[in-house]
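Asks: query-v9.cif is reproduced below (mmCIF, C-alpha atoms (C1' of nucleotides)).
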```cif
data_work
#
loop_
_atom_site.label_atom_id
_atom_site.label_comp_id
_atom_site.auth_asym_id
_atom_site.auth_seq_id
_atom_site.Cartn_x
_atom_site.Cartn_y
_atom_site.Cartn_z
CA MET T 1 111.69 80.95 103.79
CA ALA T 2 112.37 84.53 102.84
CA PHE T 3 114.06 85.85 99.72
CA ARG T 4 116.97 88.16 100.45
CA SER T 5 119.92 89.80 98.69
CA GLU T 6 120.42 91.18 95.21
CA ILE T 7 122.41 89.19 92.69
CA LEU T 8 123.40 89.98 89.13
CA ILE T 9 123.06 86.96 86.90
CA LYS T 10 124.14 86.49 83.30
CA LEU T 11 121.63 86.04 80.53
CA ASP T 12 123.52 83.87 78.06
CA LYS T 13 123.09 83.79 74.31
CA LYS T 14 120.77 80.82 74.60
CA GLY T 15 118.41 82.77 76.80
CA ARG T 16 119.27 80.91 79.96
CA VAL T 17 119.32 82.44 83.44
CA LEU T 18 120.58 80.87 86.64
CA LEU T 19 118.33 80.99 89.67
CA PRO T 20 120.99 81.50 92.34
CA ALA T 21 121.39 78.87 95.03
CA ALA T 22 120.31 81.39 97.66
CA PHE T 23 116.94 81.66 95.90
CA ARG T 24 116.57 78.00 95.02
CA ASP T 25 116.97 77.18 98.68
CA GLU T 26 113.92 79.31 99.46
CA LEU T 27 111.67 77.30 97.19
CA PRO T 28 109.58 74.64 98.97
CA ALA T 29 111.69 71.53 99.44
CA ASP T 30 109.06 69.39 97.74
CA ASP T 31 108.74 71.64 94.69
CA ARG T 32 112.17 72.77 93.59
CA GLY T 33 111.70 71.82 89.97
CA ALA T 34 109.70 74.83 88.87
CA PHE T 35 108.55 78.29 89.89
CA VAL T 36 106.40 81.14 88.61
CA LEU T 37 107.27 84.31 86.72
CA TYR T 38 104.67 87.05 86.32
CA HIS T 39 104.46 90.63 85.18
CA SER T 40 104.34 93.31 87.83
CA PRO T 41 100.82 94.77 87.96
CA THR T 42 102.14 98.24 88.69
CA ILE T 43 105.62 98.63 87.21
CA PRO T 44 105.79 98.07 83.44
CA GLY T 45 109.37 96.88 83.05
CA LEU T 46 109.43 94.61 86.07
CA VAL T 47 109.01 90.85 86.37
CA ASN T 48 108.22 89.09 89.62
CA GLY T 49 109.00 85.56 90.68
CA ASN T 50 107.76 83.22 93.35
CA SER T 51 107.35 79.57 94.15
CA ARG T 52 104.23 77.95 92.77
CA ALA T 53 102.88 77.66 96.30
CA GLY T 54 103.69 81.27 97.09
CA PHE T 55 102.07 82.54 93.92
CA ASP T 56 98.95 80.46 94.43
CA ALA T 57 98.68 81.61 98.03
CA MET T 58 98.79 85.19 96.84
CA LEU T 59 96.00 84.58 94.35
CA ASP T 60 93.88 83.01 97.06
CA ARG T 61 94.33 85.95 99.37
CA LEU T 62 93.57 88.26 96.49
CA ARG T 63 90.26 86.64 95.78
CA ALA T 64 89.34 86.31 99.44
CA GLU T 65 90.09 89.90 100.27
CA ALA T 66 89.08 91.57 97.06
CA LEU T 67 85.94 89.62 96.32
CA GLY T 68 84.72 88.30 99.63
CA PRO T 69 83.74 84.75 100.54
CA LYS T 70 81.42 84.33 97.57
CA GLY T 71 83.89 85.82 95.17
CA SER T 72 85.30 82.61 93.84
CA LEU T 73 81.94 81.27 92.80
CA LYS T 74 80.96 84.52 91.18
CA VAL T 75 84.24 84.78 89.39
CA ALA T 76 83.92 81.25 88.13
CA LEU T 77 80.65 82.14 86.46
CA ASP T 78 80.66 85.83 85.73
CA ASP T 79 83.11 86.55 82.98
CA GLU T 80 82.05 90.14 83.00
CA ALA T 81 83.22 90.75 86.57
CA PHE T 82 86.82 91.78 86.85
CA ASP T 83 89.00 89.20 88.54
CA PRO T 84 92.39 90.47 89.61
CA ALA T 85 93.66 86.96 90.27
CA GLY T 86 92.71 85.93 86.77
CA TYR T 87 94.48 88.94 85.39
CA LEU T 88 97.71 88.04 87.17
CA SER T 89 97.45 84.43 86.09
CA ALA T 90 97.19 85.42 82.47
CA GLY T 91 100.48 87.27 82.76
CA ALA T 92 102.18 84.46 84.61
CA ARG T 93 104.16 81.47 83.43
CA THR T 94 105.38 78.40 85.21
CA VAL T 95 109.00 77.85 84.28
CA SER T 96 110.84 74.65 85.04
CA LEU T 97 114.36 74.52 86.35
CA GLU T 98 117.06 72.47 84.74
CA PRO T 99 118.97 70.12 87.04
CA ASP T 100 121.81 72.64 87.27
CA GLY T 101 119.50 75.40 88.53
CA ARG T 102 119.05 77.34 85.31
CA PHE T 103 115.88 78.15 83.43
CA THR T 104 115.09 79.50 80.00
CA MET T 105 113.67 82.99 80.30
CA PRO T 106 110.50 83.22 78.21
CA ALA T 107 110.94 85.74 75.41
CA GLU T 108 108.07 87.90 76.62
CA PHE T 109 109.86 88.55 79.90
CA VAL T 110 113.18 89.19 78.24
CA GLN T 111 111.35 91.79 76.24
CA THR T 112 109.63 93.57 79.12
CA LEU T 113 112.89 93.59 81.05
CA ASP T 114 114.72 94.80 77.99
CA ALA T 115 117.49 92.53 79.20
CA THR T 116 120.57 92.16 77.05
CA ASP T 117 123.25 90.26 78.92
CA GLY T 118 122.26 90.36 82.58
CA VAL T 119 119.35 90.24 85.00
CA MET T 120 119.29 91.58 88.55
CA LEU T 121 117.56 89.24 90.96
CA VAL T 122 116.29 91.04 94.07
CA GLY T 123 114.90 89.35 97.17
CA LYS T 124 111.74 90.96 98.53
CA VAL T 125 110.92 88.69 101.47
CA GLU T 126 108.04 86.52 100.23
CA LYS T 127 108.79 86.98 96.54
CA PHE T 128 111.63 88.13 94.33
CA GLN T 129 111.97 90.54 91.43
CA LEU T 130 113.81 90.46 88.13
CA TRP T 131 115.12 93.84 87.03
CA ASN T 132 117.00 95.28 84.17
CA PRO T 133 120.31 96.04 85.94
CA ALA T 134 120.36 99.70 84.91
CA ARG T 135 116.76 100.26 85.92
CA TRP T 136 117.39 98.57 89.24
CA GLN T 137 120.25 100.92 89.88
CA ALA T 138 117.93 103.90 89.55
CA ARG T 139 115.19 102.24 91.53
CA ARG T 140 117.57 101.37 94.31
CA ASP T 141 118.77 104.94 94.66
CA ALA T 142 115.19 106.13 94.89
CA GLU T 143 114.39 103.52 97.51
CA ARG T 144 117.39 104.52 99.57
CA GLU T 145 115.99 108.04 99.75
CA LYS T 146 112.60 106.76 100.78
CA MET T 147 114.10 104.51 103.40
CA ALA T 148 116.05 107.38 104.93
CA ALA T 149 112.89 109.49 104.99
CA PHE T 150 110.95 106.64 106.52
CA VAL T 151 113.48 106.17 109.31
CA ARG T 152 113.56 109.89 109.94
CA GLY T 153 109.79 109.89 110.20
CA LEU T 154 109.62 107.16 112.80
CA SER T 155 108.23 108.47 116.03
CA GLY T 156 110.45 108.17 119.04
CA GLY T 157 112.34 111.39 118.61
CA ASP T 158 115.56 112.19 116.89
CA ALA T 159 117.39 111.60 120.16
CA MET J 1 119.41 86.92 124.39
CA ALA J 2 121.26 90.18 124.19
CA PHE J 3 124.41 90.98 122.24
CA ARG J 4 127.09 92.69 124.31
CA SER J 5 130.77 93.65 124.15
CA GLU J 6 133.00 94.76 121.32
CA ILE J 7 135.43 92.29 119.85
CA LEU J 8 138.06 92.72 117.15
CA ILE J 9 138.17 89.71 114.85
CA LYS J 10 140.60 88.87 112.06
CA LEU J 11 139.50 88.82 108.46
CA ASP J 12 141.77 86.17 106.93
CA LYS J 13 142.97 86.04 103.34
CA LYS J 14 140.17 83.66 102.43
CA GLY J 15 137.60 86.18 103.57
CA ARG J 16 136.59 84.31 106.69
CA VAL J 17 135.48 85.93 109.92
CA LEU J 18 134.88 84.28 113.27
CA LEU J 19 131.59 84.98 114.96
CA PRO J 20 132.83 85.10 118.56
CA ALA J 21 131.51 82.55 121.00
CA ALA J 22 129.90 85.35 123.01
CA PHE J 23 127.77 86.18 119.97
CA ARG J 24 127.11 82.65 118.84
CA ASP J 25 125.68 81.91 122.25
CA GLU J 26 123.09 84.63 121.71
CA LEU J 27 121.71 83.02 118.58
CA PRO J 28 118.57 80.91 119.12
CA ALA J 29 119.59 77.45 120.30
CA ASP J 30 117.60 75.81 117.51
CA ASP J 31 119.10 77.95 114.74
CA ARG J 32 122.81 78.31 115.33
CA GLY J 33 123.82 77.31 111.85
CA ALA J 34 123.15 80.61 110.12
CA PHE J 35 122.38 84.27 110.69
CA VAL J 36 121.65 87.43 108.71
CA LEU J 37 123.90 90.28 107.61
CA TYR J 38 122.34 93.45 106.22
CA HIS J 39 123.37 96.93 105.25
CA SER J 40 122.61 99.69 107.67
CA PRO J 41 119.73 101.79 106.31
CA THR J 42 121.21 104.98 107.73
CA ILE J 43 124.99 104.64 108.00
CA PRO J 44 126.70 103.90 104.66
CA GLY J 45 129.79 102.03 105.86
CA LEU J 46 128.08 99.90 108.47
CA VAL J 47 126.84 96.32 108.38
CA ASN J 48 124.34 94.90 110.85
CA GLY J 49 123.86 91.34 111.97
CA ASN J 50 121.13 89.40 113.67
CA SER J 51 119.68 85.94 114.00
CA ARG J 52 117.27 84.90 111.31
CA ALA J 53 114.45 85.05 113.82
CA GLY J 54 115.52 88.45 115.06
CA PHE J 55 115.76 89.86 111.56
CA ASP J 56 112.43 88.44 110.50
CA ALA J 57 110.78 89.79 113.64
CA MET J 58 112.10 93.22 112.79
CA LEU J 59 110.68 93.01 109.27
CA ASP J 60 107.30 92.03 110.68
CA ARG J 61 107.22 94.95 113.06
CA LEU J 62 108.32 97.20 110.23
CA ARG J 63 105.46 96.19 108.00
CA ALA J 64 102.92 96.32 110.78
CA GLU J 65 103.96 99.84 111.60
CA ALA J 66 104.45 101.12 108.09
CA LEU J 67 101.45 99.61 106.40
CA GLY J 68 98.80 98.93 108.98
CA PRO J 69 96.76 95.74 109.27
CA LYS J 70 95.61 95.56 105.65
CA GLY J 71 98.97 96.27 104.18
CA SER J 72 100.17 92.76 103.52
CA LEU J 73 98.14 92.16 100.40
CA LYS J 74 98.91 95.55 98.97
CA VAL J 75 102.60 95.16 99.57
CA ALA J 76 102.57 91.75 97.94
CA LEU J 77 101.10 93.22 94.78
CA ASP J 78 102.07 96.85 94.52
CA ASP J 79 105.68 96.98 93.41
CA GLU J 80 105.46 100.73 93.05
CA ALA J 81 104.67 101.37 96.72
CA PHE J 82 107.70 101.67 98.95
CA ASP J 83 108.17 98.70 101.24
CA PRO J 84 110.80 99.26 103.93
CA ALA J 85 110.93 95.56 104.75
CA GLY J 86 111.57 94.73 101.12
CA TYR J 87 114.30 97.33 101.00
CA LEU J 88 116.11 95.82 103.95
CA SER J 89 115.67 92.33 102.56
CA ALA J 90 117.32 93.28 99.31
CA GLY J 91 120.34 94.46 101.25
CA ALA J 92 120.47 91.37 103.44
CA ARG J 93 122.08 87.98 103.11
CA THR J 94 121.72 84.80 105.07
CA VAL J 95 125.17 83.49 105.88
CA SER J 96 125.79 80.04 107.24
CA LEU J 97 128.26 79.31 109.99
CA GLU J 98 130.93 76.66 109.66
CA PRO J 99 131.11 74.11 112.46
CA ASP J 100 134.00 76.02 114.02
CA GLY J 101 131.98 79.23 114.24
CA ARG J 102 133.40 81.07 111.24
CA PHE J 103 131.61 82.42 108.19
CA THR J 104 132.77 83.77 104.86
CA MET J 105 132.02 87.45 104.64
CA PRO J 106 130.24 88.19 101.35
CA ALA J 107 132.36 90.44 99.15
CA GLU J 108 129.73 93.17 99.08
CA PHE J 109 129.99 93.61 102.85
CA VAL J 110 133.76 93.51 102.87
CA GLN J 111 133.55 96.34 100.39
CA THR J 112 131.12 98.55 102.29
CA LEU J 113 133.12 98.00 105.47
CA ASP J 114 136.31 98.69 103.58
CA ALA J 115 137.75 95.96 105.78
CA THR J 116 141.31 94.87 105.15
CA ASP J 117 142.48 92.56 107.92
CA GLY J 118 140.02 93.01 110.77
CA VAL J 119 136.40 93.61 111.66
CA MET J 120 135.04 95.09 114.90
CA LEU J 121 132.00 93.23 116.18
CA VAL J 122 129.86 95.38 118.47
CA GLY J 123 126.93 94.11 120.52
CA LYS J 124 123.87 96.36 120.44
CA VAL J 125 121.40 94.45 122.60
CA GLU J 126 119.01 92.86 120.09
CA LYS J 127 121.40 93.01 117.14
CA PHE J 128 125.10 93.47 116.51
CA GLN J 129 127.16 95.61 114.19
CA LEU J 130 130.21 95.05 112.04
CA TRP J 131 132.49 98.05 111.82
CA ASN J 132 135.68 98.98 110.14
CA PRO J 133 137.94 99.13 113.23
CA ALA J 134 139.15 102.67 112.51
CA ARG J 135 135.65 103.98 111.87
CA TRP J 136 134.41 102.33 115.04
CA GLN J 137 137.09 104.13 116.99
CA ALA J 138 135.79 107.49 115.81
CA ARG J 139 132.20 106.47 116.29
CA ARG J 140 132.86 105.29 119.81
CA ASP J 141 134.45 108.56 120.82
CA ALA J 142 131.45 110.45 119.50
CA GLU J 143 129.09 108.16 121.34
CA ARG J 144 130.94 108.61 124.59
CA GLU J 145 130.31 112.35 124.39
CA LYS J 146 126.64 111.85 123.64
CA MET J 147 126.25 109.36 126.45
CA ALA J 148 127.75 111.71 129.00
CA ALA J 149 125.50 114.51 127.83
CA PHE J 150 122.48 112.23 127.89
CA VAL J 151 123.08 111.07 131.43
CA ARG J 152 123.67 114.63 132.58
CA GLY J 153 120.37 115.61 131.01
CA LEU J 154 118.35 112.87 132.74
CA SER J 155 115.62 114.25 134.91
CA GLY J 156 115.45 113.04 138.49
CA GLY J 157 117.31 115.83 140.16
CA ASP J 158 120.94 116.69 140.38
CA ALA J 159 121.11 114.68 143.60
"C1'" DG Y 1 114.95 70.24 58.71
"C1'" DG Y 2 116.22 74.61 60.62
"C1'" DG Y 3 115.76 76.62 64.70
"C1'" DT Y 4 114.88 75.86 69.43
"C1'" DT Y 5 115.02 73.30 73.68
"C1'" DT Y 6 116.95 69.96 76.80
"C1'" DC Y 7 120.66 67.25 78.49
"C1'" DC Y 8 125.31 66.60 79.55
"C1'" DC Y 9 130.16 67.73 80.16
"C1'" DA Y 10 133.85 71.14 81.13
"C1'" DT Y 11 136.02 74.88 83.80
"C1'" DG Y 12 137.39 78.61 86.94
"C1'" DG Y 13 136.44 80.46 91.05
"C1'" DT Y 14 134.70 80.38 95.59
"C1'" DA Y 15 133.12 78.24 99.73
"C1'" DT Y 16 133.13 74.42 102.81
"C1'" DC Y 17 135.17 70.71 105.33
"C1'" DC Y 18 138.70 69.00 107.91
"C1'" DC Y 19 143.03 68.96 110.37
"C1'" DA Y 20 146.58 71.52 112.86
"C1'" DT Y 21 148.44 75.13 116.08
"C1'" DT Y 22 148.55 78.36 119.84
"C1'" DG Y 23 147.06 80.66 123.74
"C1'" DT Y 24 144.01 81.10 127.51
"C1'" DA Y 25 140.58 79.85 130.59
"C1'" DT Y 26 138.91 76.05 133.46
"C1'" DC Y 27 139.18 71.88 136.05
"C1'" DC Y 28 140.89 68.40 138.98
"C1'" DC Y 29 143.56 66.52 142.58
"C1'" DG Y 30 146.29 65.77 146.28
"C1'" DC P 1 146.39 76.47 146.85
"C1'" DG P 2 149.82 75.24 143.21
"C1'" DG P 3 150.60 72.76 139.14
"C1'" DG P 4 149.74 70.24 135.53
"C1'" DA P 5 145.98 68.43 132.62
"C1'" DT P 6 142.09 69.54 129.97
"C1'" DA P 7 138.77 72.09 127.23
"C1'" DC P 8 137.73 75.56 124.25
"C1'" DA P 9 138.41 79.84 121.64
"C1'" DA P 10 140.69 82.02 117.80
"C1'" DT P 11 143.40 81.43 113.69
"C1'" DG P 12 145.99 79.23 109.54
"C1'" DG P 13 146.06 76.20 105.61
"C1'" DG P 14 145.29 72.05 102.36
"C1'" DA P 15 141.89 69.38 100.02
"C1'" DT P 16 137.41 68.89 98.39
"C1'" DA P 17 132.71 70.14 97.00
"C1'" DC P 18 129.67 73.25 95.03
"C1'" DC P 19 128.33 77.52 92.34
"C1'" DA P 20 128.03 80.11 88.23
"C1'" DT P 21 128.86 79.90 83.45
"C1'" DG P 22 130.04 78.35 78.60
"C1'" DG P 23 129.43 75.21 75.00
"C1'" DG P 24 128.59 70.75 72.36
"C1'" DA P 25 125.37 67.28 71.15
"C1'" DA P 26 121.03 64.90 71.28
"C1'" DA P 27 115.97 65.48 71.32
"C1'" DC P 28 112.03 68.00 69.78
"C1'" DC P 29 108.56 70.39 67.11
"C1'" DC P 30 105.66 72.45 63.88
#
```
Once you've parsed the file, please lay out its structure as structure tokens.
Replies:
Amino acid sequence: MAFRSEILIKLDKKGRVLLPAAFRDELPADDRGAFVLYHSPTIPGLVNGNSRAGFDAMLDRLRAEALGPKGSLKVALDDEAFDPAGYLSAGARTVSLEPDGRFTMPAEFVQTLDATDGVMLVGKVEKFQLWNPARWQARRDAEREKMAAFVRGLSGGDA
Amino acid sequence: MAFRSEILIKLDKKGRVLLPAAFRDELPADDRGAFVLYHSPTIPGLVNGNSRAGFDAMLDRLRAEALGPKGSLKVALDDEAFDPAGYLSAGARTVSLEPDGRFTMPAEFVQTLDATDGVMLVGKVEKFQLWNPARWQARRDAEREKMAAFVRGLSGGDA
DNA sequence: GGGTTTCCCATGGTATCCCATTGTATCCCG
DNA sequence: CGGGATACAATGGGATACCATGGGAAACCC
């Protein structure tokens, strides 16, 4: 249960996108009919995806760690208090998969991705990301640099 | 559980490669049906391989070391922060083994290896590597030099 | 009722399954 | 211990199943 690989998928003229088999297989076996898309809280043009269970688990951890044990009660009552989990939920949508593994990309996400004819699906272990292909290209190059620097910085000597 | 030996395996016209019996036997007994291929983070033309468990264990250690104990929540949310485990995951693919021990090499890896008709499988203890045979030849010569120098430099007296 | 969404069918390409072949270890047996 | 029998490893190839994608038609919805 870990999302891997990067796959370029077509966005057809009807707004449909295929969730690749490699990703579908990572969804919980008892809940393959739908998953969650949500806006990245830190990168404007990025959309994240996860199984419903995975997304919910993240929200739970968020509330537990960010608000403490009494957080959920407070958040249920105090509309003034900022609730990060609520914020993410507002920007999230449950999308259902067609029997053939495709889903209709909600217009709002097409817009933030600025996607025209393709979407890059990228596995990030416990979630996956949807990128504009061109933007992913740039991002990937930057990450390669950071990875090289990270490896160089590992203690243990340069041998 | 340690990968050893170097074995030259054919890449047939259908893109299939045999995972040698010596390597298959090193996969966990309860998960022999698939393993993970991933791009080397430091050497451009090199592909690494490991069992799913071995790869996942490496990602866990990576995150523990790179992010500290509280990092998991941050990494789940902050798409801007660099996540080495996520980087490796994006460049990884789970490949399933056929009953006869072969697997189809994903085109992306064939390309980075620049493999035409053969792949050199090299055991590196807790993982293995897939090399272009010619490049491995050069690499091996270089390593032989380094090994000799390393042993010469070992403390413990000149006997 | 026009545009959208969902379902279904079609198609090309790839991957998977299965069967076959060859060579090399290993085994058995007197 | 020799010799054949056997098992398995490595490879090739045909047939089938599945993946990714396009498009038509029915269902839907203010």
Asks: Listing only residues of chain Y within 9 Å of stretch 94-108 of chain J, what is the closest atom pair and its distance in Å (to one decimal) for each, using only C-alpha atoms (C1' of nucleotides), sorted by chain and residue number ascending, as CSV?
Replies:
```
residue,atom,partner,partner_atom,distance
Y:DA15,C1',J:Thr104,CA,7.6
Y:DT16,C1',J:Glu98,CA,7.5
Y:DC17,C1',J:Glu98,CA,8.5
```
Asks: What would the selection look like, as a PyMOL selection string, if the PyMOL selection byres ((chain Y and resi 2-7) around 10) were run on the coordinates I just shared?
Replies: (chain T and resi 14+98-99+104) or (chain Y and resi 1+8-9) or (chain P and resi 25-29)
Asks: Using only C-alpha atoms (C1' of nucleotides) and a cut-off of 9 Å, which residues of chain P sit close to chain J? Please list them as a ChimeraX atom specification.
Replies: /P:9-12
Asks: Just give me the gap between atom CA of T:Asp141 and atom CA of J:Tyr87 in Å, one decimal is fine.
Replies: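 Answer for the atom CA of T:Asp141 to atom CA of J:Tyr87 separation: 10.9 Å.
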Asks: List the residues selected by the PyMOL selection byres ((chain J and resi 51) around 6) in the file shown, writing them as JSON, numbers by chain.
Replies: {"J": [27, 35, 36, 50, 52, 53, 54]}
Asks: Please list as a list of chain:residue names every residue within 12 Å of Y:DC27, counting all atoms listed in the file and excluding residues in the same chain fewer than 4 positions away.
Replies: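 Here the answer would be P:DG3, P:DG4, P:DA5, P:DT6, P:DA7.
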Asks: Expand the PyMOL selection byres ((chain T) within 10 of (chain J)) into the explicit residue set it covers here, and present it as JSON, numbers by chain.
Replies: {"T": [2, 3, 4, 5, 6, 7, 22, 40, 41, 42, 43, 44, 46, 47, 48, 58, 59, 61, 62, 65, 66, 88, 121, 122, 123, 124, 125, 126, 127, 128, 129, 139, 140, 142, 143, 144, 145, 146, 147, 148, 149, 150, 151, 152, 154, 159]}
Asks: To one decimal place, how far is atom CA of J:Leu130 from atom CA of T:Ala138 in Å?
Replies: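 The value is 27.1 Å.
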Asks: By how many Å are atom C1' of P:DC18 and atom CA of J:Gln111 apart?
Replies: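 It comes out at 24.0 Å.
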Asks: What lies within 12 Å of Y:DC19 using only C-alpha atoms (C1' of nucleotides), ignoring chain neighbours under 5 positions off, as a list of chain:residue names?
Replies: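 The neighbour list is P:DG12, P:DG13, P:DG14, P:DA15.
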Asks: Kindly reconstruct stretch 79-102 of chain J with N, CA and C atoms and present the result as a PDB file, in the frame of the given file.
Replies:
```pdb
ATOM      1  N   ASP J  79     104.227  96.827  93.452  1.00  0.00           N
ATOM      2  CA  ASP J  79     105.680  96.980  93.410  1.00  0.00           C
ATOM      3  C   ASP J  79     106.086  98.448  93.417  1.00  0.00           C
ATOM      4  N   GLU J  80     105.135  99.304  93.108  1.00  0.00           N
ATOM      5  CA  GLU J  80     105.460 100.730  93.050  1.00  0.00           C
ATOM      6  C   GLU J  80     105.550 101.318  94.457  1.00  0.00           C
ATOM      7  N   ALA J  81     104.669 100.850  95.350  1.00  0.00           N
ATOM      8  CA  ALA J  81     104.670 101.370  96.720  1.00  0.00           C
ATOM      9  C   ALA J  81     105.976 101.021  97.419  1.00  0.00           C
ATOM     10  N   PHE J  82     106.448 101.926  98.239  1.00  0.00           N
ATOM     11  CA  PHE J  82     107.700 101.670  98.950  1.00  0.00           C
ATOM     12  C   PHE J  82     107.463 100.726 100.125  1.00  0.00           C
ATOM     13  N   ASP J  83     108.285  99.693 100.183  1.00  0.00           N
ATOM     14  CA  ASP J  83     108.170  98.700 101.240  1.00  0.00           C
ATOM     15  C   ASP J  83     109.493  98.632 102.000  1.00  0.00           C
ATOM     16  N   PRO J  84     109.532  99.237 103.186  1.00  0.00           N
ATOM     17  CA  PRO J  84     110.800  99.260 103.930  1.00  0.00           C
ATOM     18  C   PRO J  84     111.349  97.860 104.221  1.00  0.00           C
ATOM     19  N   ALA J  85     110.463  96.914 104.478  1.00  0.00           N
ATOM     20  CA  ALA J  85     110.930  95.560 104.750  1.00  0.00           C
ATOM     21  C   ALA J  85     111.578  94.954 103.511  1.00  0.00           C
ATOM     22  N   GLY J  86     110.993  95.214 102.362  1.00  0.00           N
ATOM     23  CA  GLY J  86     111.570  94.730 101.120  1.00  0.00           C
ATOM     24  C   GLY J  86     112.922  95.374 100.856  1.00  0.00           C
ATOM     25  N   TYR J  87     113.022  96.635 101.188  1.00  0.00           N
ATOM     26  CA  TYR J  87     114.300  97.330 101.000  1.00  0.00           C
ATOM     27  C   TYR J  87     115.399  96.698 101.828  1.00  0.00           C
ATOM     28  N   LEU J  88     115.102  96.447 103.087  1.00  0.00           N
ATOM     29  CA  LEU J  88     116.110  95.820 103.950  1.00  0.00           C
ATOM     30  C   LEU J  88     116.460  94.427 103.474  1.00  0.00           C
ATOM     31  N   SER J  89     115.455  93.695 103.026  1.00  0.00           N
ATOM     32  CA  SER J  89     115.670  92.330 102.560  1.00  0.00           C
ATOM     33  C   SER J  89     116.625  92.285 101.372  1.00  0.00           C
ATOM     34  N   ALA J  90     116.459  93.245 100.483  1.00  0.00           N
ATOM     35  CA  ALA J  90     117.320  93.280  99.310  1.00  0.00           C
ATOM     36  C   ALA J  90     118.776  93.488  99.702  1.00  0.00           C
ATOM     37  N   GLY J  91     118.992  94.192 100.797  1.00  0.00           N
ATOM     38  CA  GLY J  91     120.340  94.460 101.250  1.00  0.00           C
ATOM     39  C   GLY J  91     120.824  93.474 102.291  1.00  0.00           C
ATOM     40  N   ALA J  92     120.131  92.347 102.409  1.00  0.00           N
ATOM     41  CA  ALA J  92     120.470  91.370 103.440  1.00  0.00           C
ATOM     42  C   ALA J  92     120.913  90.057 102.823  1.00  0.00           C
ATOM     43  N   ARG J  93     121.708  89.318 103.555  1.00  0.00           N
ATOM     44  CA  ARG J  93     122.080  87.980 103.110  1.00  0.00           C
ATOM     45  C   ARG J  93     122.115  87.025 104.275  1.00  0.00           C
ATOM     46  N   THR J  94     121.611  85.850 104.064  1.00  0.00           N
ATOM     47  CA  THR J  94     121.720  84.800 105.070  1.00  0.00           C
ATOM     48  C   THR J  94     123.072  84.144 104.906  1.00  0.00           C
ATOM     49  N   VAL J  95     123.859  84.139 105.950  1.00  0.00           N
ATOM     50  CA  VAL J  95     125.170  83.490 105.880  1.00  0.00           C
ATOM     51  C   VAL J  95     125.199  82.320 106.859  1.00  0.00           C
ATOM     52  N   SER J  96     125.764  81.226 106.388  1.00  0.00           N
ATOM     53  CA  SER J  96     125.790  80.040 107.240  1.00  0.00           C
ATOM     54  C   SER J  96     127.125  79.951 107.970  1.00  0.00           C
ATOM     55  N   LEU J  97     127.071  79.449 109.169  1.00  0.00           N
ATOM     56  CA  LEU J  97     128.260  79.310 109.990  1.00  0.00           C
ATOM     57  C   LEU J  97     128.902  77.951 109.765  1.00  0.00           C
ATOM     58  N   GLU J  98     130.225  77.924 109.690  1.00  0.00           N
ATOM     59  CA  GLU J  98     130.930  76.660 109.660  1.00  0.00           C
ATOM     60  C   GLU J  98     130.887  76.056 111.059  1.00  0.00           C
ATOM     61  N   PRO J  99     131.161  74.763 111.148  1.00  0.00           N
ATOM     62  CA  PRO J  99     131.110  74.110 112.460  1.00  0.00           C
ATOM     63  C   PRO J  99     132.006  74.776 113.497  1.00  0.00           C
ATOM     64  N   ASP J 100     133.084  75.400 113.053  1.00  0.00           N
ATOM     65  CA  ASP J 100     134.000  76.020 114.020  1.00  0.00           C
ATOM     66  C   ASP J 100     133.612  77.460 114.352  1.00  0.00           C
ATOM     67  N   GLY J 101     132.465  77.914 113.854  1.00  0.00           N
ATOM     68  CA  GLY J 101     131.980  79.230 114.240  1.00  0.00           C
ATOM     69  C   GLY J 101     132.364  80.357 113.305  1.00  0.00           C
ATOM     70  N   ARG J 102     133.042  80.014 112.201  1.00  0.00           N
ATOM     71  CA  ARG J 102     133.400  81.070 111.240  1.00  0.00           C
ATOM     72  C   ARG J 102     132.415  81.157 110.102  1.00  0.00           C
TER      73      ARG J 102
END
```
